[in-house]
file final.cif (mmCIF, C-alpha atoms and all ligand atoms)
data_structure
loop_
_atom_site.group_PDB
_atom_site.id
_atom_site.type_symbol
_atom_site.label_atom_id
_atom_site.label_comp_id
_atom_site.auth_asym_id
_atom_site.auth_seq_id
_atom_site.Cartn_x
_atom_site.Cartn_y
_atom_site.Cartn_z
ATOM 1 C CA MET A 25 0.000 0.000 0.000
ATOM 2 C CA GLY A 26 1.433 3.376 -0.955
ATOM 3 C CA GLN A 27 1.107 6.620 0.954
ATOM 4 C CA ALA A 28 -1.955 7.779 -0.953
ATOM 5 C CA LYS A 29 -5.147 7.813 1.064
ATOM 6 C CA LEU A 30 -7.991 6.098 -0.716
ATOM 7 C CA ARG A 31 -10.893 8.471 -0.600
ATOM 8 C CA LYS A 32 -13.230 10.468 -2.729
ATOM 9 C CA SER A 33 -11.484 13.620 -1.772
ATOM 10 C CA ALA A 34 -11.307 17.308 -2.442
ATOM 11 C CA LYS A 35 -7.613 17.158 -1.698
ATOM 12 C CA GLU A 36 -5.051 16.623 -4.427
ATOM 13 C CA SER A 37 -2.903 14.837 -1.838
ATOM 14 C CA GLY A 38 -5.703 12.367 -1.398
ATOM 15 C CA ARG A 39 -5.823 11.373 -5.049
ATOM 16 C CA PRO A 40 -5.848 7.624 -4.826
ATOM 17 C CA TRP A 41 -5.470 6.421 -8.340
ATOM 18 C CA ALA A 42 -3.430 7.154 -11.392
ATOM 19 C CA PRO A 43 -4.775 9.933 -13.586
ATOM 20 C CA ALA A 44 -5.973 9.112 -17.064
ATOM 21 C CA MET A 45 -4.037 10.903 -19.761
ATOM 22 C CA PRO A 46 -3.966 14.508 -18.600
ATOM 23 C CA VAL A 47 -6.258 16.756 -20.584
ATOM 24 C CA ALA A 48 -8.054 20.048 -20.526
ATOM 25 C CA VAL A 49 -7.421 21.852 -17.245
ATOM 26 C CA SER A 50 -4.696 19.415 -16.288
ATOM 27 C CA SER A 51 -2.851 19.773 -19.558
ATOM 28 C CA ALA A 52 -1.504 23.192 -18.570
ATOM 29 C CA THR A 53 2.173 22.341 -18.753
ATOM 30 C CA GLY A 54 3.832 25.621 -19.742
ATOM 31 C CA THR A 55 4.429 28.329 -17.166
ATOM 32 C CA ASN A 56 1.935 30.752 -18.726
ATOM 33 C CA GLU A 57 -0.690 28.041 -19.029
ATOM 34 C CA GLN A 58 -0.178 27.064 -15.413
ATOM 35 C CA VAL A 59 -0.468 30.659 -14.282
ATOM 36 C CA ARG A 60 -3.711 31.010 -16.244
ATOM 37 C CA LEU A 61 -4.973 27.752 -14.755
ATOM 38 C CA MET A 62 -4.195 28.853 -11.214
ATOM 39 C CA GLU A 63 -5.861 32.207 -11.844
ATOM 40 C CA HIS A 64 -8.936 30.507 -13.241
ATOM 41 C CA LEU A 65 -9.209 28.077 -10.332
ATOM 42 C CA GLY A 66 -8.684 30.996 -7.952
ATOM 43 C CA LYS A 67 -11.584 32.854 -9.581
ATOM 44 C CA LEU A 68 -13.790 29.777 -9.217
ATOM 45 C CA SER A 69 -12.917 29.591 -5.524
ATOM 46 C CA LYS A 70 -13.708 33.261 -5.079
ATOM 47 C CA LEU A 71 -17.041 32.968 -6.846
ATOM 48 C CA ALA A 72 -18.015 29.950 -4.746
ATOM 49 C CA GLU A 73 -16.950 31.814 -1.609
ATOM 50 C CA GLU A 74 -19.027 34.907 -2.413
ATOM 51 C CA ASN A 75 -22.131 32.934 -3.336
ATOM 52 C CA THR A 76 -21.808 30.723 -0.265
ATOM 53 C CA ARG A 77 -21.394 33.673 2.099
ATOM 54 C CA ALA A 78 -24.532 35.312 0.744
ATOM 55 C CA ALA A 79 -26.554 32.101 1.155
ATOM 56 C CA LEU A 80 -25.151 31.457 4.646
ATOM 57 C CA GLN A 81 -26.182 34.937 5.717
ATOM 58 C CA ALA A 82 -29.653 34.264 4.329
ATOM 59 C CA ALA A 83 -29.762 30.944 6.188
ATOM 60 C CA ARG A 84 -28.807 32.545 9.484
ATOM 61 C CA GLY A 85 -31.305 35.342 8.963
ATOM 62 C CA THR A 86 -34.314 32.996 9.085
ATOM 63 C CA ASN A 87 -35.806 31.416 12.157
ATOM 64 C CA SER A 88 -37.202 28.276 10.584
ATOM 65 C CA GLU A 89 -35.110 25.116 10.409
ATOM 66 C CA ASP A 90 -36.584 24.270 7.012
ATOM 67 C CA ASN A 91 -35.734 27.668 5.581
ATOM 68 C CA ARG A 92 -32.194 27.374 6.878
ATOM 69 C CA LEU A 93 -31.773 23.994 5.231
ATOM 70 C CA ASP A 94 -33.311 25.350 2.023
ATOM 71 C CA ALA A 95 -30.677 28.083 2.011
ATOM 72 C CA LEU A 96 -27.953 25.461 2.427
ATOM 73 C CA HIS A 97 -29.499 23.581 -0.459
ATOM 74 C CA THR A 98 -29.206 26.707 -2.580
ATOM 75 C CA ILE A 99 -25.482 26.724 -1.830
ATOM 76 C CA LEU A 100 -25.104 23.106 -2.896
ATOM 77 C CA GLN A 101 -27.078 23.578 -6.083
ATOM 78 C CA GLY A 102 -25.105 26.695 -6.996
ATOM 79 C CA ALA A 103 -21.743 25.059 -6.328
ATOM 80 C CA MET A 104 -22.672 21.912 -8.267
ATOM 81 C CA ALA A 105 -24.045 23.878 -11.219
ATOM 82 C CA LEU A 106 -20.810 25.847 -11.329
ATOM 83 C CA MET A 107 -18.790 22.652 -11.198
ATOM 84 C CA GLU A 108 -20.787 20.954 -13.924
ATOM 85 C CA ARG A 109 -20.485 23.976 -16.224
ATOM 86 C CA GLU A 110 -16.744 24.117 -15.712
ATOM 87 C CA VAL A 111 -16.297 20.395 -16.229
ATOM 88 C CA GLU A 112 -18.292 20.498 -19.467
ATOM 89 C CA SER A 113 -16.212 23.431 -20.603
ATOM 90 C CA GLY A 114 -13.059 21.417 -19.801
ATOM 91 C CA TYR A 115 -14.261 18.498 -21.913
ATOM 92 C CA ALA A 116 -15.029 20.841 -24.800
ATOM 93 C CA GLN A 117 -11.542 22.339 -24.866
ATOM 94 C CA SER A 118 -9.890 20.016 -27.352
ATOM 95 C CA PRO A 119 -10.456 16.876 -29.444
ATOM 96 C CA THR A 120 -8.333 14.973 -26.920
ATOM 97 C CA SER A 121 -10.552 15.924 -24.012
ATOM 98 C CA GLN A 122 -13.696 15.265 -26.071
ATOM 99 C CA ASN A 123 -12.324 11.824 -26.819
ATOM 100 C CA LEU A 124 -11.640 11.270 -23.128
ATOM 101 C CA LYS A 125 -15.208 12.208 -22.294
ATOM 102 C CA SER A 126 -16.428 9.538 -24.701
ATOM 103 C CA GLN A 127 -14.401 6.948 -22.769
ATOM 104 C CA ILE A 128 -15.931 7.663 -19.362
ATOM 105 C CA ALA A 129 -17.004 4.367 -17.837
ATOM 106 C CA CYS A 130 -19.191 5.711 -15.009
ATOM 107 C CA ARG A 131 -22.767 4.447 -15.207
ATOM 108 C CA LYS A 132 -25.747 4.065 -12.899
ATOM 109 C CA GLY A 133 -25.301 0.804 -11.024
ATOM 110 C CA CYS A 134 -21.498 0.880 -11.270
ATOM 111 C CA ALA A 135 -20.482 1.505 -7.699
ATOM 112 C CA PHE A 136 -17.062 0.099 -6.866
ATOM 113 C CA CYS A 137 -15.975 3.659 -6.019
ATOM 114 C CA CYS A 138 -18.871 3.950 -3.535
ATOM 115 C CA HIS A 139 -16.765 1.822 -1.187
ATOM 116 C CA LEU A 140 -14.220 4.610 -0.869
ATOM 117 C CA ALA A 141 -14.319 6.970 2.084
ATOM 118 C CA VAL A 142 -16.044 10.183 0.989
ATOM 119 C CA GLU A 143 -14.630 13.537 2.008
ATOM 120 C CA ALA A 144 -17.395 16.145 2.051
ATOM 121 C CA SER A 145 -18.065 19.656 3.264
ATOM 122 C CA ILE A 146 -20.275 20.055 6.328
ATOM 123 C CA ILE A 147 -22.999 21.563 4.130
ATOM 124 C CA GLU A 148 -22.886 18.547 1.807
ATOM 125 C CA ALA A 149 -23.124 16.124 4.733
ATOM 126 C CA ILE A 150 -26.100 17.978 6.202
ATOM 127 C CA LEU A 151 -27.916 17.898 2.866
ATOM 128 C CA VAL A 152 -27.267 14.193 2.303
ATOM 129 C CA TRP A 153 -28.625 13.579 5.788
ATOM 130 C CA ARG A 154 -31.664 15.783 5.100
ATOM 131 C CA ARG A 155 -32.480 13.782 1.983
ATOM 132 C CA ALA A 156 -31.890 10.508 3.815
ATOM 133 C CA THR A 157 -34.393 11.480 6.510
ATOM 134 C CA GLN A 158 -37.125 11.408 3.846
ATOM 135 C CA ARG A 159 -36.726 7.610 3.642
ATOM 136 C CA GLU A 160 -36.857 5.311 6.593
ATOM 137 C CA ASP A 161 -34.691 2.674 4.903
ATOM 138 C CA LEU A 162 -31.872 5.197 4.485
ATOM 139 C CA THR A 163 -31.962 6.407 8.070
ATOM 140 C CA MET A 164 -31.984 2.765 9.118
ATOM 141 C CA ALA A 165 -28.974 2.095 6.881
ATOM 142 C CA ILE A 166 -27.082 4.920 8.533
ATOM 143 C CA ARG A 167 -27.922 3.664 12.013
ATOM 144 C CA ALA A 168 -27.212 0.036 11.135
ATOM 145 C CA HIS A 169 -23.991 0.359 9.170
ATOM 146 C CA ALA A 170 -22.356 3.721 9.635
ATOM 147 C CA HIS A 171 -20.596 2.918 12.888
ATOM 148 C CA ARG A 172 -18.632 0.138 11.133
ATOM 149 C CA SER A 173 -16.845 2.418 8.732
ATOM 150 C CA ALA A 174 -17.208 5.919 10.161
ATOM 151 C CA ASN A 175 -13.848 7.685 10.356
ATOM 152 C CA VAL A 176 -11.952 4.491 9.580
ATOM 153 C CA ASP A 177 -8.588 5.153 7.925
ATOM 154 C CA PRO A 178 -9.380 5.573 4.196
ATOM 155 C CA ASP A 179 -6.985 2.814 3.119
ATOM 156 C CA LYS A 180 -8.521 0.383 5.598
ATOM 157 C CA ARG A 181 -12.010 1.461 4.566
ATOM 158 C CA TRP A 182 -11.274 0.482 0.952
ATOM 159 C CA ALA A 183 -9.891 -2.872 2.026
ATOM 160 C CA MET A 184 -13.016 -3.504 4.168
ATOM 161 C CA ARG A 185 -15.181 -3.267 1.023
ATOM 162 C CA GLN A 186 -17.839 -1.601 3.146
ATOM 163 C CA PRO A 187 -20.261 0.364 0.944
ATOM 164 C CA CYS A 188 -21.448 3.901 1.586
ATOM 165 C CA PRO A 189 -24.717 3.724 3.572
ATOM 166 C CA MET A 190 -26.359 5.742 0.785
ATOM 167 C CA LEU A 191 -25.674 3.027 -1.803
ATOM 168 C CA GLY A 192 -28.808 1.110 -2.768
ATOM 169 C CA ALA A 193 -29.085 -2.625 -3.412
ATOM 170 C CA ASP A 194 -29.397 -1.779 -7.122
ATOM 171 C CA GLY A 195 -25.953 -0.170 -7.066
ATOM 172 C CA ALA A 196 -27.405 3.337 -7.424
ATOM 173 C CA CYS A 197 -26.810 6.285 -5.136
ATOM 174 C CA GLN A 198 -30.009 6.871 -3.167
ATOM 175 C CA VAL A 199 -29.214 10.558 -2.620
ATOM 176 C CA TYR A 200 -28.035 11.158 -6.174
ATOM 177 C CA GLU A 201 -29.402 14.710 -6.488
ATOM 178 C CA ASP A 202 -27.611 15.782 -3.314
ATOM 179 C CA ARG A 203 -24.473 13.643 -3.484
ATOM 180 C CA PRO A 204 -21.253 15.434 -2.562
ATOM 181 C CA GLY A 205 -19.036 17.120 -5.122
ATOM 182 C CA SER A 206 -16.234 14.621 -4.522
ATOM 183 C CA CYS A 207 -18.590 11.827 -5.685
ATOM 184 C CA ARG A 208 -19.530 13.819 -8.797
ATOM 185 C CA ALA A 209 -15.915 14.592 -9.619
ATOM 186 C CA PHE A 210 -14.699 11.012 -9.295
ATOM 187 C CA VAL A 211 -14.634 9.779 -12.876
ATOM 188 C CA SER A 212 -12.847 6.761 -14.321
ATOM 189 C CA VAL A 213 -12.366 5.548 -17.858
ATOM 190 C CA ASP A 214 -12.058 1.887 -16.832
ATOM 191 C CA ALA A 215 -14.717 0.240 -14.652
ATOM 192 C CA LYS A 216 -12.852 -3.081 -14.738
ATOM 193 C CA ALA A 217 -9.846 -1.368 -13.204
ATOM 194 C CA CYS A 218 -12.113 0.096 -10.480
ATOM 195 C CA GLU A 219 -13.445 -3.378 -9.745
ATOM 196 C CA ARG A 220 -9.968 -4.917 -9.723
ATOM 197 C CA SER A 221 -8.750 -2.219 -7.355
ATOM 198 C CA LEU A 222 -11.588 -2.858 -4.902
ATOM 199 C CA MET A 223 -11.348 -6.639 -5.084
ATOM 200 C CA THR A 224 -7.584 -6.716 -4.561
ATOM 201 C CA ALA A 225 -7.494 -4.020 -1.847
ATOM 202 C CA GLY A 226 -5.595 -5.136 1.226
ATOM 203 C CA THR A 227 -4.287 -8.287 -0.477
ATOM 204 C CA ASP A 228 -0.836 -9.059 -1.806
ATOM 205 C CA LYS A 229 -2.245 -8.635 -5.323
ATOM 206 C CA GLU A 230 -3.401 -5.078 -4.636
ATOM 207 C CA ASP A 231 -3.723 -3.056 -7.834
ATOM 208 C CA LEU A 232 -4.627 0.624 -7.500
ATOM 209 C CA ASN A 233 -3.893 1.419 -11.128
ATOM 210 C CA VAL A 234 -7.189 3.011 -12.118
ATOM 211 C CA PRO A 235 -7.245 5.754 -14.750
ATOM 212 C CA ILE A 236 -9.262 8.621 -13.346
ATOM 213 C CA VAL A 237 -9.985 11.891 -15.136
ATOM 214 C CA PRO A 238 -8.155 14.532 -13.118
ATOM 215 C CA PHE A 239 -9.600 17.897 -14.056
ATOM 216 C CA PRO A 240 -13.095 17.473 -12.541
ATOM 217 C CA ARG A 241 -11.300 16.969 -9.236
ATOM 218 C CA GLN A 242 -9.257 20.131 -9.707
ATOM 219 C CA ILE A 243 -12.430 22.086 -10.335
ATOM 220 C CA GLU A 244 -14.228 20.472 -7.415
ATOM 221 C CA THR A 245 -11.270 21.226 -5.153
ATOM 222 C CA ALA A 246 -11.303 24.904 -6.119
ATOM 223 C CA ILE A 247 -15.023 25.241 -5.453
ATOM 224 C CA SER A 248 -14.808 23.281 -2.211
ATOM 225 C CA ILE A 249 -12.060 25.605 -0.980
ATOM 226 C CA GLY A 250 -14.308 28.594 -1.700
ATOM 227 C CA VAL A 251 -17.209 27.058 0.224
ATOM 228 C CA ARG A 252 -15.008 26.330 3.210
ATOM 229 C CA ARG A 253 -13.523 29.832 3.169
ATOM 230 C CA ALA A 254 -17.032 31.267 3.246
ATOM 231 C CA CYS A 255 -17.890 29.133 6.293
ATOM 232 C CA ALA A 256 -14.725 30.316 8.041
ATOM 233 C CA ALA A 257 -15.497 33.949 7.181
ATOM 234 C CA GLU A 258 -18.940 33.506 8.747
ATOM 235 C CA ASN A 259 -17.318 32.017 11.881
ATOM 236 C CA LEU A 260 -18.705 28.564 11.187
ATOM 237 C CA GLN A 261 -16.787 25.321 11.572
ATOM 238 C CA SER A 262 -15.290 24.977 8.124
ATOM 239 C CA CYS A 263 -13.432 21.656 8.010
ATOM 240 C CA ASN A 264 -14.275 18.810 5.667
ATOM 241 C CA VAL A 265 -15.798 15.701 7.195
ATOM 242 C CA GLU A 266 -15.947 12.001 6.407
ATOM 243 C CA LEU A 267 -19.448 11.503 5.036
ATOM 244 C CA THR A 268 -20.323 8.280 6.838
ATOM 245 C CA ALA A 269 -19.139 9.628 10.190
ATOM 246 C CA ALA A 270 -21.052 12.872 9.708
ATOM 247 C CA LEU A 271 -24.235 10.994 8.783
ATOM 248 C CA HIS A 272 -23.871 8.882 11.878
ATOM 249 C CA LEU A 273 -23.470 11.981 14.035
ATOM 250 C CA LEU A 274 -26.464 13.681 12.392
ATOM 251 C CA ALA A 275 -28.647 10.611 12.831
ATOM 252 C CA ASN A 276 -27.843 10.609 16.537
ATOM 253 C CA ASP A 277 -28.149 14.357 17.002
ATOM 254 C CA PRO A 278 -30.715 16.150 14.806
ATOM 255 C CA THR A 279 -29.821 19.438 16.531
ATOM 256 C CA ALA A 280 -26.376 19.322 14.897
ATOM 257 C CA PRO A 281 -27.214 21.453 11.787
ATOM 258 C CA GLY A 282 -28.774 24.220 13.884
ATOM 259 C CA ARG A 283 -25.901 24.216 16.343
ATOM 260 C CA TRP A 284 -23.391 24.319 13.486
ATOM 261 C CA LEU A 285 -25.170 27.293 11.935
ATOM 262 C CA ALA A 286 -25.092 28.976 15.356
ATOM 263 C CA GLY A 287 -21.297 28.748 15.296
ATOM 264 C CA GLU A 288 -20.711 25.683 17.469
ATOM 265 C CA THR A 289 -17.982 23.170 16.687
ATOM 266 C CA VAL A 290 -20.062 20.076 16.038
ATOM 267 C CA PHE A 291 -18.351 17.782 13.538
ATOM 268 C CA HIS A 292 -15.168 15.749 13.598
ATOM 269 C CA PRO A 293 -12.690 17.109 11.038
ATOM 270 C CA TYR A 294 -11.450 14.646 8.448
ATOM 271 C CA PRO A 295 -7.713 15.146 8.054
HETATM 272 S S1 LIG B 301 -15.397 5.655 -10.858
HETATM 273 FE FE1 LIG B 301 -15.268 3.499 -11.480
HETATM 274 S S2 LIG B 301 -16.597 2.415 -10.032
HETATM 275 FE FE2 LIG B 301 -17.143 4.575 -9.937
HETATM 276 S S3 LIG B 301 -18.869 4.779 -11.390
HETATM 277 FE FE3 LIG B 301 -16.963 5.305 -12.473
HETATM 278 S S4 LIG B 301 -16.321 3.423 -13.464
HETATM 279 FE FE4 LIG B 301 -17.808 2.844 -11.883
HETATM 280 S S1 LIG B 302 -23.050 9.491 -1.578
HETATM 281 FE FE1 LIG B 302 -23.832 8.296 -3.292
HETATM 282 S S2 LIG B 302 -22.291 8.548 -4.943
HETATM 283 FE FE2 LIG B 302 -21.329 9.156 -2.997
HETATM 284 S S3 LIG B 302 -20.307 7.291 -2.237
HETATM 285 FE FE3 LIG B 302 -22.356 7.373 -1.300
HETATM 286 S S4 LIG B 302 -23.646 6.135 -2.654
HETATM 287 FE FE4 LIG B 302 -21.781 6.657 -3.805
#
call {"tool": "encode", "arguments": {"input": "final.cif", "output": "structure tokens"}}
result
Amino acid sequence: MGQAKLRKSAKESGRPWAPAMPVAVSSATGTNEQVRLMEHLGKLSKLAEENTRAALQAARGTNSEDNRLDALHTILQGAMALMEREVESGYAQSPTSQNLKSQIACRKGCAFCCHLAVEASIIEAILVWRRATQREDLTMAIRAHAHRSANVDPDKRWAMRQPCPMLGADGACQVYEDRPGSCRAFVSVDAKACERSLMTAGTDKEDLNVPIVPFPRQIETAISIGVRRACAAENLQSCNVELTAALHLLANDPTAPGRWLAGETVFHPYP
């Protein structure tokens, strides 16, 4: 096992698998290109930060729990729409990136990657939990399974082959509309390689050589940084969390979102 932590992560350092051939945003190899890339990602972060701050202020200005959660939902939708636009724009940049897009293997029901630990923002975790509370089977899944894998070391989590509690028996994400950005940005061009990686995890035949598309993760990272900066600027706990652990905490303490919005430190940071 190498040093890389196996997780769906907003952190470049957490990138678990080998990138597919670098394209689009990632293909910035010259100094000027790299400067332009960094400037562009910086602008994305700033935009996400400004939009998030405005929505957080709106959330804190209401006295109804539902309205507060609706305002958080606005943040998620805005951040995800921004991400999807940027990713599409990345794919459109060149014939090479268009070709890469055509090779994407991700499909509904393909869920080997849903056994990875998921790194999410606090807002994302709250919104997954909110959606889960609309279905008794999902809240039961959190209560029944989350303690097994919550906050487990990401490498061990992968080797445990323990699925995300939001993964349905049909292999589909049951909170698809509200899934975290790190899940959306995790894209592979070889499902067989994903399967092989999961099935060999923790064995002497371990093979982590999965070709992922890197630039959606760069974009997601930039936006995630902006969201977290906005939380910090509003004096809210701003760390990322491990999704399963956060869901477990939320299931046991429904006051957690309100206390977080009131400025309390509620969640366990995910390093
Ligand atoms: S990343 Fe791999 S396991 Fe996940 S949906 Fe895509 S191809 Fe399937
Ligand atoms: S939230 Fe959904 S997409 Fe993300 S790991 Fe869980 S089941 Fe998979």
call {"tool": "residues_near_ligand", "arguments": {"input": "final.cif", "ligand": "ligand LIG 301 (chain B)", "cutoff": "9 Å", "atoms": "all atoms listed in the file", "output": "JSON, numbers by chain"}}
result
{"A": [128, 129, 130, 131, 132, 133, 134, 135, 136, 137, 138, 139, 207, 210, 211, 212, 213, 214, 215, 216, 217, 218, 219, 222, 234, 235, 236]}
call {"tool": "closest_residue", "arguments": {"input": "final.cif", "among": "A:Ala209, A:Ala269, A:Leu80, A:Leu232", "to": "Ala149 in chain A", "atoms": "only C-alpha atoms"}}
result
A:Ala269
call {"tool": "residues_near_ligand", "arguments": {"input": "final.cif", "ligand": "ligand LIG 302 (chain B)", "cutoff": "9 Å", "atoms": "only C-alpha atoms and all ligand atoms", "output": "VMD selection string"}}
result
chain A and resid 32 135 to 142 152 187 to 192 195 to 200 202 to 208 267 to 268
call {"tool": "resolve_selection", "arguments": {"input": "final.cif", "expression": "the PyMOL selection byres (((chain A and resi 261) around 12) and not hetatm)", "output": "ChimeraX atom specification"}}
result
/A:145-147,251-260,262-265,280-281,283-293
call {"tool": "write_last_selection", "arguments": {"input": "final.cif", "atoms": "C-alpha atoms", "output": "mmCIF file, keeping the file's coordinate frame"}}
result
data_model
loop_
_atom_site.group_PDB
_atom_site.id
_atom_site.type_symbol
_atom_site.label_atom_id
_atom_site.label_comp_id
_atom_site.auth_asym_id
_atom_site.auth_seq_id
_atom_site.Cartn_x
_atom_site.Cartn_y
_atom_site.Cartn_z
ATOM 1 C CA SER A 145 -18.065 19.656 3.264
ATOM 2 C CA ILE A 146 -20.275 20.055 6.328
ATOM 3 C CA ILE A 147 -22.999 21.563 4.130
ATOM 4 C CA VAL A 251 -17.209 27.058 0.224
ATOM 5 C CA ARG A 252 -15.008 26.330 3.210
ATOM 6 C CA ARG A 253 -13.523 29.832 3.169
ATOM 7 C CA ALA A 254 -17.032 31.267 3.246
ATOM 8 C CA CYS A 255 -17.890 29.133 6.293
ATOM 9 C CA ALA A 256 -14.725 30.316 8.041
ATOM 10 C CA ALA A 257 -15.497 33.949 7.181
ATOM 11 C CA GLU A 258 -18.940 33.506 8.747
ATOM 12 C CA ASN A 259 -17.318 32.017 11.881
ATOM 13 C CA LEU A 260 -18.705 28.564 11.187
ATOM 14 C CA SER A 262 -15.290 24.977 8.124
ATOM 15 C CA CYS A 263 -13.432 21.656 8.010
ATOM 16 C CA ASN A 264 -14.275 18.810 5.667
ATOM 17 C CA VAL A 265 -15.798 15.701 7.195
ATOM 18 C CA ALA A 280 -26.376 19.322 14.897
ATOM 19 C CA PRO A 281 -27.214 21.453 11.787
ATOM 20 C CA ARG A 283 -25.901 24.216 16.343
ATOM 21 C CA TRP A 284 -23.391 24.319 13.486
ATOM 22 C CA LEU A 285 -25.170 27.293 11.935
ATOM 23 C CA ALA A 286 -25.092 28.976 15.356
ATOM 24 C CA GLY A 287 -21.297 28.748 15.296
ATOM 25 C CA GLU A 288 -20.711 25.683 17.469
ATOM 26 C CA THR A 289 -17.982 23.170 16.687
ATOM 27 C CA VAL A 290 -20.062 20.076 16.038
ATOM 28 C CA PHE A 291 -18.351 17.782 13.538
ATOM 29 C CA HIS A 292 -15.168 15.749 13.598
ATOM 30 C CA PRO A 293 -12.690 17.109 11.038
#
call {"tool": "closest_residue", "arguments": {"input": "final.cif", "among": "A:Thr279, A:Thr157, A:Thr86, A:Thr245", "to": "Ala144 in chain A", "atoms": "only C-alpha atoms"}}
result
A:Thr245
call {"tool": "atom_distance", "arguments": {"input": "final.cif", "atom1": "CA of Pro278 in chain A", "atom2": "CA of Thr163 in chain A"}}
result
11.9 Å
call {"tool": "residues_around", "arguments": {"input": "final.cif", "residues": "Leu100 in chain A", "least_positions_apart": "4", "cutoff": "7 Å", "atoms": "only C-alpha atoms", "output": "PDB file with C-alpha atoms, in the coordinates of the input"}}
result
ATOM      1  CA  LEU A  96     -27.953  25.461   2.427  1.00  0.00           C
ATOM      2  CA  MET A 104     -22.672  21.912  -8.267  1.00  0.00           C
ATOM      3  CA  GLU A 148     -22.886  18.547   1.807  1.00  0.00           C
TER       4      GLU A 148
END
call {"tool": "atom_distance", "arguments": {"input": "final.cif", "atom1": "CA of Arg220 in chain A", "atom2": "CA of Pro178 in chain A"}}
result
17.4 Å
call {"tool": "atom_distance", "arguments": {"input": "final.cif", "atom1": "CA of Gln242 in chain A", "atom2": "CA of Pro119 in chain A"}}
result
20.0 Å
call {"tool": "closest_residue", "arguments": {"input": "final.cif", "among": "A:Leu124, A:Ala165, A:Val59, A:Leu151", "to": "His97 in chain A", "atoms": "all atoms listed in the file"}}
result
A:Leu151
call {"tool": "resolve_selection", "arguments": {"input": "final.cif", "expression": "the PyMOL selection byres (((chain A and resi 123) around 12) and not hetatm)", "output": "JSON, numbers by chain"}}
result
{"A": [44, 45, 47, 48, 114, 115, 116, 117, 118, 119, 120, 121, 122, 124, 125, 126, 127, 128, 213, 237]}
call {"tool": "resolve_selection", "arguments": {"input": "final.cif", "expression": "the PyMOL selection byres (((chain A and resi 93) around 9) and not hetatm)", "output": "list in words"}}
result
Ala83, Ser88, Glu89, Asp90, Asn91, Arg92, Asp94, Ala95, Leu96, His97, Thr98, Ile150, Leu151, Arg154 and Pro281 of chain A
call {"tool": "axis_aligned_box", "arguments": {"input": "final.cif", "around": "range 152-161 of chain A", "padding_each_side": "5 Å", "output": "AutoDock Vina command-line options"}}
result
--center_x -32.2 --center_y 9.2 --center_z 4.3 --size_x 19.9 --size_y 23.1 --size_z 14.6
call {"tool": "closest_residue", "arguments": {"input": "final.cif", "among": "A:Glu201, A:Glu73, A:Glu112, A:Asp194", "to": "Ser248 in chain A", "atoms": "all atoms listed in the file"}}
result
A:Glu73
call {"tool": "closest_residue", "arguments": {"input": "final.cif", "among": "A:Lys229, A:Arg159, A:Arg84, A:Arg167", "to": "Asp277 in chain A", "atoms": "only C-alpha atoms"}}
result
A:Arg167
call {"tool": "closest_residue", "arguments": {"input": "final.cif", "among": "A:Ala174, A:Met164, A:Ala103, A:Ala225", "to": "Tyr294 in chain A", "atoms": "only C-alpha atoms"}}
result
A:Ala174
call {"tool": "residues_around", "arguments": {"input": "final.cif", "residues": "Glu110 in chain A", "least_positions_apart": "3", "cutoff": "10 Å", "atoms": "only C-alpha atoms", "output": "count of residues only"}}
result
14
